[in-house]
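Next comes my_file.txt, with compact mmCIF, C-alpha atoms.
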# COMPACT_ATOMS: atom_id res chain seq x y z
CA MET A 1 -19.86 -15.21 5.90
CA ASP A 2 -18.23 -13.42 8.82
CA THR A 3 -19.91 -10.34 10.23
CA LYS A 4 -17.80 -7.20 9.95
CA LEU A 5 -17.39 -5.75 13.43
CA GLN A 6 -16.44 -2.43 14.91
CA VAL A 7 -15.06 -3.04 18.38
CA ASP A 8 -14.63 -0.39 21.05
CA VAL A 9 -11.65 -0.88 23.35
CA TRP A 10 -11.65 1.32 26.43
CA CYS A 11 -8.42 1.88 28.37
CA LEU A 12 -8.14 3.08 31.96
CA SER A 13 -4.97 3.96 33.85
CA THR A 14 -5.24 3.11 37.55
CA ILE A 15 -1.94 4.66 38.62
CA ASP A 16 -3.43 7.88 40.05
CA VAL A 17 -6.58 6.49 41.67
CA ASP A 18 -6.59 8.19 45.07
CA ALA A 19 -8.63 7.37 48.20
CA PRO A 20 -11.55 9.77 47.45
CA LEU A 21 -11.96 8.26 43.98
CA GLN A 22 -11.81 4.74 45.42
CA ASN A 23 -14.64 5.63 47.78
CA HIS A 24 -16.62 6.99 44.84
CA LEU A 25 -16.02 3.87 42.75
CA ARG A 26 -17.38 1.66 45.53
CA THR A 27 -20.78 3.34 45.10
CA TYR A 28 -21.09 1.61 41.72
CA LEU A 29 -20.57 -1.88 43.18
CA THR A 30 -22.93 -4.38 44.76
CA GLU A 31 -22.30 -5.56 48.31
CA ASP A 32 -20.99 -8.88 47.01
CA GLU A 33 -18.54 -7.07 44.75
CA LYS A 34 -17.35 -4.84 47.58
CA ALA A 35 -16.69 -7.95 49.65
CA ALA A 36 -14.79 -9.57 46.76
CA VAL A 37 -12.59 -6.49 46.39
CA ALA A 38 -11.89 -6.40 50.13
CA ARG A 39 -10.58 -9.99 50.07
CA PHE A 40 -7.51 -8.98 48.07
CA MET A 41 -4.57 -8.84 50.45
CA ARG A 42 -2.37 -6.37 48.58
CA PRO A 43 -3.58 -2.74 48.30
CA ASN A 44 -2.58 -2.46 44.63
CA ASP A 45 -4.61 -5.56 43.78
CA ARG A 46 -7.63 -4.20 45.65
CA VAL A 47 -7.46 -0.92 43.74
CA LEU A 48 -7.05 -2.69 40.39
CA ASN A 49 -9.99 -5.00 41.01
CA LEU A 50 -12.16 -2.15 42.29
CA CYS A 51 -11.38 -0.08 39.20
CA ALA A 52 -12.08 -2.96 36.83
CA ARG A 53 -15.50 -3.66 38.33
CA ALA A 54 -16.59 -0.02 38.46
CA PHE A 55 -15.14 0.72 35.02
CA LEU A 56 -17.15 -2.07 33.41
CA ARG A 57 -20.42 -0.91 34.98
CA VAL A 58 -19.88 2.72 33.99
CA LEU A 59 -18.96 1.76 30.42
CA LEU A 60 -21.99 -0.46 29.92
CA SER A 61 -24.25 2.40 31.00
CA ARG A 62 -22.73 4.55 28.27
CA TYR A 63 -24.18 2.13 25.75
CA LYS A 64 -27.49 1.54 27.56
CA LYS A 65 -28.22 4.88 29.17
CA ASP A 66 -31.45 3.71 30.79
CA VAL A 67 -29.49 1.32 33.02
CA LYS A 68 -27.60 2.76 35.97
CA PRO A 69 -24.12 1.30 36.64
CA ILE A 70 -25.27 -0.36 39.88
CA GLU A 71 -28.16 -2.08 38.05
CA TRP A 72 -26.11 -4.31 35.77
CA THR A 73 -26.25 -8.03 36.53
CA PHE A 74 -23.88 -10.71 35.31
CA ASN A 75 -23.67 -14.47 34.90
CA LYS A 76 -20.74 -16.70 33.98
CA ASN A 77 -20.36 -19.63 31.62
CA LYS A 78 -19.06 -22.94 32.95
CA TYR A 79 -15.46 -21.78 32.47
CA GLY A 80 -16.01 -18.53 34.37
CA LYS A 81 -16.34 -16.06 31.48
CA PRO A 82 -18.75 -13.29 32.57
CA PHE A 83 -21.58 -11.91 30.45
CA VAL A 84 -24.41 -9.43 30.88
CA SER A 85 -27.61 -11.05 32.10
CA ASN A 86 -29.88 -7.97 31.95
CA ASP A 87 -32.54 -8.24 29.23
CA ILE A 88 -32.60 -4.58 28.22
CA ASP A 89 -33.96 -3.93 24.74
CA GLY A 90 -33.26 -7.02 22.67
CA GLU A 91 -30.01 -5.52 21.37
CA PRO A 92 -27.07 -7.72 22.43
CA LEU A 93 -24.15 -6.11 24.24
CA TYR A 94 -21.06 -8.19 24.87
CA PHE A 95 -17.85 -7.35 26.65
CA ASN A 96 -14.54 -8.76 27.73
CA ILE A 97 -12.22 -7.22 30.28
CA SER A 98 -8.57 -7.58 31.25
CA HIS A 99 -6.24 -5.86 33.67
CA THR A 100 -2.60 -5.76 34.61
CA LYS A 101 -0.44 -3.54 36.78
CA GLY A 102 -1.69 0.03 36.30
CA LYS A 103 -4.09 -0.64 33.42
CA VAL A 104 -7.61 -1.94 32.75
CA VAL A 105 -8.97 -2.53 29.25
CA CYS A 106 -12.51 -3.44 28.26
CA ALA A 107 -13.67 -4.47 24.79
CA ILE A 108 -17.33 -4.00 23.84
CA ALA A 109 -19.03 -5.24 20.67
CA PRO A 110 -22.31 -6.79 19.44
CA HIS A 111 -20.65 -10.21 19.17
CA GLU A 112 -20.54 -12.88 21.85
CA TYR A 113 -17.20 -14.49 21.04
CA LEU A 114 -14.94 -11.61 22.00
CA GLY A 115 -11.69 -11.68 23.95
CA VAL A 116 -9.18 -9.06 25.06
CA ASP A 117 -5.92 -9.19 26.99
CA VAL A 118 -3.46 -6.58 28.21
CA GLU A 119 -0.08 -7.16 29.83
CA SER A 120 2.56 -4.86 31.24
CA ILE A 121 5.80 -5.45 29.35
CA GLU A 122 7.99 -3.20 31.50
CA ARG A 123 9.41 -6.09 33.48
CA SER A 124 11.85 -8.42 31.82
CA ILE A 125 11.14 -12.11 32.26
CA ASP A 126 12.93 -15.33 31.38
CA SER A 127 10.50 -15.90 28.54
CA LEU A 128 11.97 -18.95 26.81
CA PRO A 129 11.50 -21.48 29.65
CA LEU A 130 7.93 -20.27 30.16
CA ALA A 131 7.19 -20.43 26.44
CA GLU A 132 8.66 -23.94 26.21
CA SER A 133 6.26 -25.11 28.91
CA VAL A 134 3.03 -23.82 27.30
CA PHE A 135 3.50 -22.48 23.74
CA ALA A 136 3.29 -24.31 20.43
CA LYS A 137 6.53 -25.42 18.75
CA ALA A 138 6.40 -22.75 16.03
CA GLU A 139 6.10 -19.95 18.59
CA ILE A 140 8.95 -21.36 20.66
CA GLN A 141 11.14 -21.50 17.55
CA ALA A 142 10.23 -17.92 16.63
CA LEU A 143 11.35 -16.79 20.09
CA LYS A 144 14.63 -18.69 19.75
CA ASP A 145 15.29 -17.20 16.32
CA CYS A 146 14.55 -13.57 17.16
CA ASP A 147 17.00 -10.95 18.41
CA PRO A 148 17.37 -11.57 22.17
CA LYS A 149 16.70 -7.86 22.74
CA GLU A 150 13.29 -8.29 21.09
CA ARG A 151 12.40 -11.59 22.75
CA ASN A 152 10.53 -10.11 25.70
CA THR A 153 8.26 -8.07 23.42
CA LEU A 154 7.64 -10.99 21.06
CA PHE A 155 6.77 -13.22 24.00
CA TYR A 156 4.11 -10.75 25.14
CA ARG A 157 2.77 -10.46 21.60
CA PHE A 158 2.23 -14.22 21.53
CA TRP A 159 0.93 -14.37 25.09
CA THR A 160 -1.70 -11.64 24.71
CA LEU A 161 -2.91 -13.01 21.38
CA LYS A 162 -3.24 -16.50 22.82
CA GLU A 163 -5.11 -15.11 25.83
CA SER A 164 -7.44 -13.15 23.56
CA TYR A 165 -8.25 -16.34 21.65
CA ILE A 166 -8.98 -18.56 24.64
CA LYS A 167 -11.06 -15.77 26.19
CA ALA A 168 -12.97 -15.26 22.93
CA ILE A 169 -13.94 -18.94 22.77
CA GLY A 170 -14.97 -18.66 26.42
CA MET A 171 -12.66 -21.32 27.85
CA GLY A 172 -9.80 -19.33 29.38
CA LEU A 173 -6.78 -21.27 30.57
CA SER A 174 -8.74 -24.52 30.65
CA HIS A 175 -7.93 -24.61 26.92
CA PRO A 176 -4.37 -25.82 26.13
CA LEU A 177 -2.09 -23.13 24.73
CA ASP A 178 0.02 -25.46 22.60
CA ASN A 179 -2.57 -26.74 20.11
CA PHE A 180 -2.85 -23.41 18.28
CA TRP A 181 -0.22 -20.88 17.30
CA PHE A 182 0.22 -17.44 15.81
CA ASP A 183 2.39 -16.49 12.85
CA LEU A 184 3.57 -12.87 13.20
CA SER A 185 6.11 -12.94 10.40
CA GLN A 186 4.04 -10.63 8.16
CA ASP A 187 3.82 -7.66 10.51
CA GLU A 188 0.16 -6.72 11.05
CA ASN A 189 -1.20 -9.76 9.20
CA ILE A 190 -1.77 -11.94 12.27
CA LYS A 191 -2.34 -15.55 11.22
CA LEU A 192 -3.91 -18.14 13.53
CA ASN A 193 -2.89 -21.76 12.95
CA PHE A 194 -3.79 -25.05 14.59
CA THR A 195 -1.88 -28.21 15.33
CA GLU A 196 -3.12 -31.50 13.93
CA GLY A 197 -6.27 -32.74 15.67
CA ALA A 198 -7.07 -29.39 17.31
CA ASN A 199 -10.62 -28.05 17.42
CA ILE A 200 -10.48 -25.30 14.79
CA ARG A 201 -12.33 -22.06 15.54
CA ASN A 202 -11.11 -19.40 13.16
CA GLY A 203 -10.67 -15.85 14.35
CA SER A 204 -9.78 -12.27 13.56
CA PHE A 205 -7.18 -10.41 15.64
CA TYR A 206 -5.81 -6.96 16.40
CA GLN A 207 -2.80 -5.90 18.42
CA GLN A 208 -1.40 -2.58 19.64
CA LEU A 209 1.26 -1.32 22.01
CA LEU A 210 -0.29 1.13 24.48
CA ASP A 211 1.76 3.90 26.09
CA ASP A 212 4.95 1.98 25.17
CA ASP A 213 4.48 -0.23 28.25
CA TYR A 214 1.37 -2.33 27.64
CA MET A 215 0.69 -4.97 25.00
CA LEU A 216 -2.96 -5.17 23.95
CA ALA A 217 -4.50 -7.99 21.92
CA LEU A 218 -8.09 -8.37 20.74
CA GLY A 219 -9.72 -11.40 19.16
CA VAL A 220 -13.11 -12.44 17.83
CA VAL A 221 -14.07 -15.94 16.68
CA ASP A 222 -17.05 -17.85 15.32
CA GLY A 223 -18.48 -15.58 12.66
CA GLY A 224 -16.93 -12.26 13.56
CA GLU A 225 -14.29 -10.32 11.65
CA ILE A 226 -12.67 -7.19 13.05
CA GLU A 227 -13.20 -4.37 10.56
CA LYS A 228 -12.27 -1.45 12.83
CA VAL A 229 -11.03 -1.02 16.39
CA ASN A 230 -11.83 2.21 18.20
CA VAL A 231 -9.37 2.68 21.07
CA HIS A 232 -10.60 5.12 23.73
CA PHE A 233 -8.67 6.40 26.74
CA PHE A 234 -10.99 6.94 29.70
CA PRO A 235 -9.99 9.84 31.97
CA LEU A 236 -10.50 9.38 35.70
CA SER A 237 -12.57 12.57 35.75
CA ASP A 238 -15.28 10.79 33.73
CA PHE A 239 -16.18 8.70 36.78
CA TYR A 240 -17.73 11.80 38.36

Can the structure in the file be given as structure tokens, please?
Amino acid sequence: MDTKLQVDVWCLSTIDVDAPLQNHLRTYLTEDEKAAVARFMRPNDRVLNLCARAFLRVLLSRYKKDVKPIEWTFNKNKYGKPFVSNDIDGEPLYFNISHTKGKVVCAIAPHEYLGVDVESIERSIDSLPLAESVFAKAEIQALKDCDPKERNTLFYRFWTLKESYIKAIGMGLSHPLDNFWFDLSQDENIKLNFTEGANIRNGSFYQQLLDDDYMLALGVVDGGEIEKVNVHFFPLSDFY
């Protein structure tokens, strides 16, 4: 039987992160993390990566108040998915994080197989050729059949859900995107399906449009069922 889960999803806008706040956020990072941030060539990418790293550490310390943000340690699985390696109190704490232009989201729950994705949908893309190269046939057909004015949004609905699934199973883009597919024909009843011969790992999913410009998708697999999602908006002032 699947475990009913309440998942916290924290959302951070990085649009107004000024230089003094950036300097403050660096105090939460290890020296290795500071070096990793500095390697980004574009200023916007550096700020986004800095915010994501600091945001995660500050959030985790909200749940485990005896651990300072700088004290958190992480490992990765063989596909690169990060997880907390601190042995705090025997109570598991799992997270997954995603970021896109101007936004970072972090999902936290007591369940290991958790995935979240967020994408900015403000830019229009030529979605059909991209979908035809990586999506399953049913998703490609749904994009062809929909109103062209709605195609961009539908593409991002599929994309974020698929990302949330491959992140939940811990494989990321090493897992092919065309051997599973989502049926969104029944509004909020998101149905995950698999092509013949695929490795089936059933999941539970949630999706929301944030601030009219960002598509959010959340997924849990392997024994977890989303009962409630608590979406929190984290003000920049809470970093101080």

Between region 172-217 of chain A and region 149-166 of chain A, at 9 Å or less, what are the per-residue closest atom pairs and their distances in Å? Count all atoms listed in the file, order by chain and rising residue number, and return it as a tab-separated table.
residue	atom	partner	partner_atom	distance
A:Gly172	CA	A:Ile166	CA	4.9
A:Leu173	CA	A:Ile166	CA	6.9
A:Ser174	CA	A:Ile166	CA	8.5
A:His175	CA	A:Ile166	CA	6.6
A:Pro176	CA	A:Ile166	CA	8.7
A:Leu177	CA	A:Lys162	CA	7.0
A:Phe180	CA	A:Lys162	CA	8.3
A:Trp181	CA	A:Lys162	CA	7.7
A:Phe182	CA	A:Phe158	CA	6.9
A:Asp183	CA	A:Phe158	CA	9.0
A:Leu184	CA	A:Phe158	CA	8.5
A:Gly203	CA	A:Tyr165	CA	7.7
A:Phe205	CA	A:Leu161	CA	7.6
A:Tyr206	CA	A:Leu161	CA	8.4
A:Gln207	CA	A:Leu161	CA	7.7
A:Met215	CA	A:Tyr156	CA	6.7
A:Leu216	CA	A:Thr160	CA	6.6
A:Ala217	CA	A:Leu161	CA	5.3

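Proximity to Gly115 (chain A) was assessed for A:Glu31, A:Asp222, A:Asp16, A:Asp213 counting only C-alpha atoms; the smallest distance is recorded for A:Asp222.
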
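Using only C-alpha atoms, the shortest contact distance between Arg26 (chain A) and any of A:Val7, A:Ala52, A:Gly102, A:Pro43 is found at A:Ala52.
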
For this session: Select, from A:Ser98, A:Asn193, A:Arg62, A:Val9, the residue with the minimum atom-to-atom distance to Leu48 (chain A), counting all atoms listed in the file.
Result: A:Ser98

Problem set entry | Local residues around (-18.6, -0.5, 27.2), at most 10 Å away, using all atoms listed in the file, as JSON, numbers by chain | {"A": [7, 8, 9, 10, 55, 56, 57, 58, 59, 60, 61, 62, 63, 64, 93, 94, 95, 96, 97, 106, 107, 108, 109]}

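Among the candidates A:Pro129, A:Gly170, A:Gly197, A:Pro82, the one nearest to Val221 (chain A) when counting all atoms listed in the file is A:Gly170.
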
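Of the listed residues A:His24, A:Arg53, A:Arg201, A:Lys101, the one whose atoms come nearest to Phe74 (chain A) is A:Arg53, with distances taken using all atoms listed in the file.
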
Show me, as a compact mmCIF listing (two decimals) with C-alpha atoms, in the coordinates of the input, the residues that have an atom within 12 Å of Leu210 (chain A) when counting all atoms listed in the file, minus same-chain residues fewer than 6 positions from it.
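To be explicit, this is the file written out as part_28.txt:
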# COMPACT_ATOMS: atom_id res chain seq x y z
CA VAL A 9 -11.65 -0.88 23.35
CA TRP A 10 -11.65 1.32 26.43
CA CYS A 11 -8.42 1.88 28.37
CA LEU A 12 -8.14 3.08 31.96
CA SER A 13 -4.97 3.96 33.85
CA GLY A 102 -1.69 0.03 36.30
CA LYS A 103 -4.09 -0.64 33.42
CA VAL A 104 -7.61 -1.94 32.75
CA VAL A 105 -8.97 -2.53 29.25
CA VAL A 118 -3.46 -6.58 28.21
CA GLU A 119 -0.08 -7.16 29.83
CA SER A 120 2.56 -4.86 31.24
CA ILE A 121 5.80 -5.45 29.35
CA GLU A 122 7.99 -3.20 31.50
CA LEU A 216 -2.96 -5.17 23.95
CA ALA A 217 -4.50 -7.99 21.92
CA VAL A 231 -9.37 2.68 21.07
CA HIS A 232 -10.60 5.12 23.73
CA PHE A 233 -8.67 6.40 26.74

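When CA of Thr27 (chain A) is paired with CA of Pro69 (chain A), their separation reads 9.3 Å.
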
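With all atoms listed in the file as the atoms that count, the residue of A:Gln6, A:Ile15, A:Pro110, A:Asp178 with the shortest distance to Pro235 (chain A) is A:Ile15.
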
As AutoDock Vina command-line options, what would the box around region 11-17 of chain A look like: edges along x, y and z, 5 Å added on every side, centre and edge lengths in Å to one decimal?
--center_x -5.2 --center_y 4.9 --center_z 35.0 --size_x 16.5 --size_y 16.0 --size_z 23.3

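Rounded to one decimal, CA of Ile169 (chain A) and CA of Leu114 (chain A) lie 7.4 Å from each other.
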
Exercise. What is the distance, in Å and to one decimal place, between CA of Val47 (chain A) and CA of Thr14 (chain A)?
Worked result: 7.7 Å
